[in-house]
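As structure tokens, the structure follows; a few thoughts come after it.
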Amino acid sequence: MVATSKLADCVPLELFGLTCVRDLSADEVLARLDVAGQAPHPAFTDEEAIQHFGHGFEAPAVRVCSSGGWTVLLDVEAHGRLLQTPVLTRLSVGTEAVSVWKLLDSTTQISHARDGELLAHFDAWTFEPAEGSAPSRLNGALTDVGFFLEENWESEEWSAPAMALLALEQEFGLVLPPEIAHGPLPTVSLQHLQG
């Protein structure tokens, strides 16, 4: 039986972006994203955010909350802007940040940064371990959930996005109750971040 991820209940597995920053308040994270001028931030559910900002990459936005010592940023419509190295490394200065992104029929990608440096990037499409200046922590987490076992890729029970979330959940202690993830959350535009 394949282990299940609680984070998988927080996002639609075929289309999501989830980025977490350790030990910074939501306000500090938003300041690093240069969105302070947008306050007060409207509180939207994911569906309400899509209605407000629209579909696709033209109007990227994130919903923001805090849980378990992490500030969690949930992409509206899986734009993946926070997975970009310059953005993730800026979020990680003086702390650490992890990001996972899945776009419909595309691959699952994960990045881990600490103290302003990208430590590891993993692209499930390649079937290869993560690369970077210090990928061992992420590779260990991916190994523990069976990412590099061929029989898992052939199993109908195994899901790369769900296992990516489980790996981050186990290795980094990420927790997010689904009722918070699906409820109204402060929402900000990331239109200023280049795609």
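Chain labels A, B, ... are given in the sequence in which chains occur in the structure tokens; within each chain residues are numbered consecutively from 1, and ligands are likewise numbered from 1 in the order shown.
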(request) Would you kindly return, as a PyMOL selection string, each protein, DNA or RNA residue with an atom no farther than 7 Å from any atom of A:Gly183, considering only C-alpha atoms and excluding same-chain residues fewer than 3 positions away? (result) chain A and resi 45+179-180
Put those residues in a file: all heavy atoms, as an mmCIF file, in the first residue's frame.
data_model
loop_
_atom_site.group_PDB
_atom_site.id
_atom_site.type_symbol
_atom_site.label_atom_id
_atom_site.label_comp_id
_atom_site.auth_asym_id
_atom_site.auth_seq_id
_atom_site.Cartn_x
_atom_site.Cartn_y
_atom_site.Cartn_z
ATOM 1 N N THR A 45 -11.267 31.914 -1.411
ATOM 2 C CA THR A 45 -11.032 30.486 -1.598
ATOM 3 C C THR A 45 -10.331 30.350 -2.948
ATOM 4 O O THR A 45 -10.236 31.334 -3.704
ATOM 5 C CB THR A 45 -12.348 29.689 -1.633
ATOM 6 O OG1 THR A 45 -13.092 30.098 -2.777
ATOM 7 C CG2 THR A 45 -13.161 29.883 -0.356
ATOM 8 N N GLU A 179 -8.805 22.074 5.669
ATOM 9 C CA GLU A 179 -9.850 23.078 5.869
ATOM 10 C C GLU A 179 -9.298 24.499 5.783
ATOM 11 O O GLU A 179 -9.996 25.425 5.365
ATOM 12 C CB GLU A 179 -10.605 22.860 7.184
ATOM 13 C CG GLU A 179 -9.765 22.904 8.435
ATOM 14 C CD GLU A 179 -9.132 21.574 8.840
ATOM 15 O OE1 GLU A 179 -9.080 20.635 8.012
ATOM 16 O OE2 GLU A 179 -8.668 21.479 9.993
ATOM 17 N N ILE A 180 -8.041 24.679 6.149
ATOM 18 C CA ILE A 180 -7.409 25.997 5.985
ATOM 19 C C ILE A 180 -7.089 26.226 4.518
ATOM 20 O O ILE A 180 -7.385 27.284 3.960
ATOM 21 C CB ILE A 180 -6.130 26.108 6.852
ATOM 22 C CG1 ILE A 180 -6.515 26.137 8.330
ATOM 23 C CG2 ILE A 180 -5.326 27.353 6.472
ATOM 24 C CD1 ILE A 180 -5.337 26.149 9.280
#
(request) Do a neighbour search on stretch 164-171 of chain A at 12 Å with only C-alpha atoms, toss out local chain neighbours closer than 2 positions, and write the hits as an MDAnalysis selection string. (result) chainID A and resid 2:13 16:20 68 70 97:102 107:112 122:124 136:148 158:162 173:176
(request) Compare A:Glu14, A:Glu157, A:Asp27, A:Glu96 by their minimum atom-to-atom distance to A:Leu118, counting only C-alpha atoms, and give me the closest one. (result)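 Residue with the minimum atom-to-atom distance to A:Leu118: A:Glu96.
Between atom CA of A:Cys65 and atom CA of A:Val21 the separation is 10.7 Å.
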(message) Just the number, please: distance in Å from atom CA of A:Val76 to atom CA of A:Thr89, one decimal.
(response)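 So the answer is 20.8 Å.
Of the listed residues (A:Leu104, A:Leu149, A:Val29, A:Ala39), A:Val29 comes nearest to A:Leu82; the distances count only C-alpha atoms.
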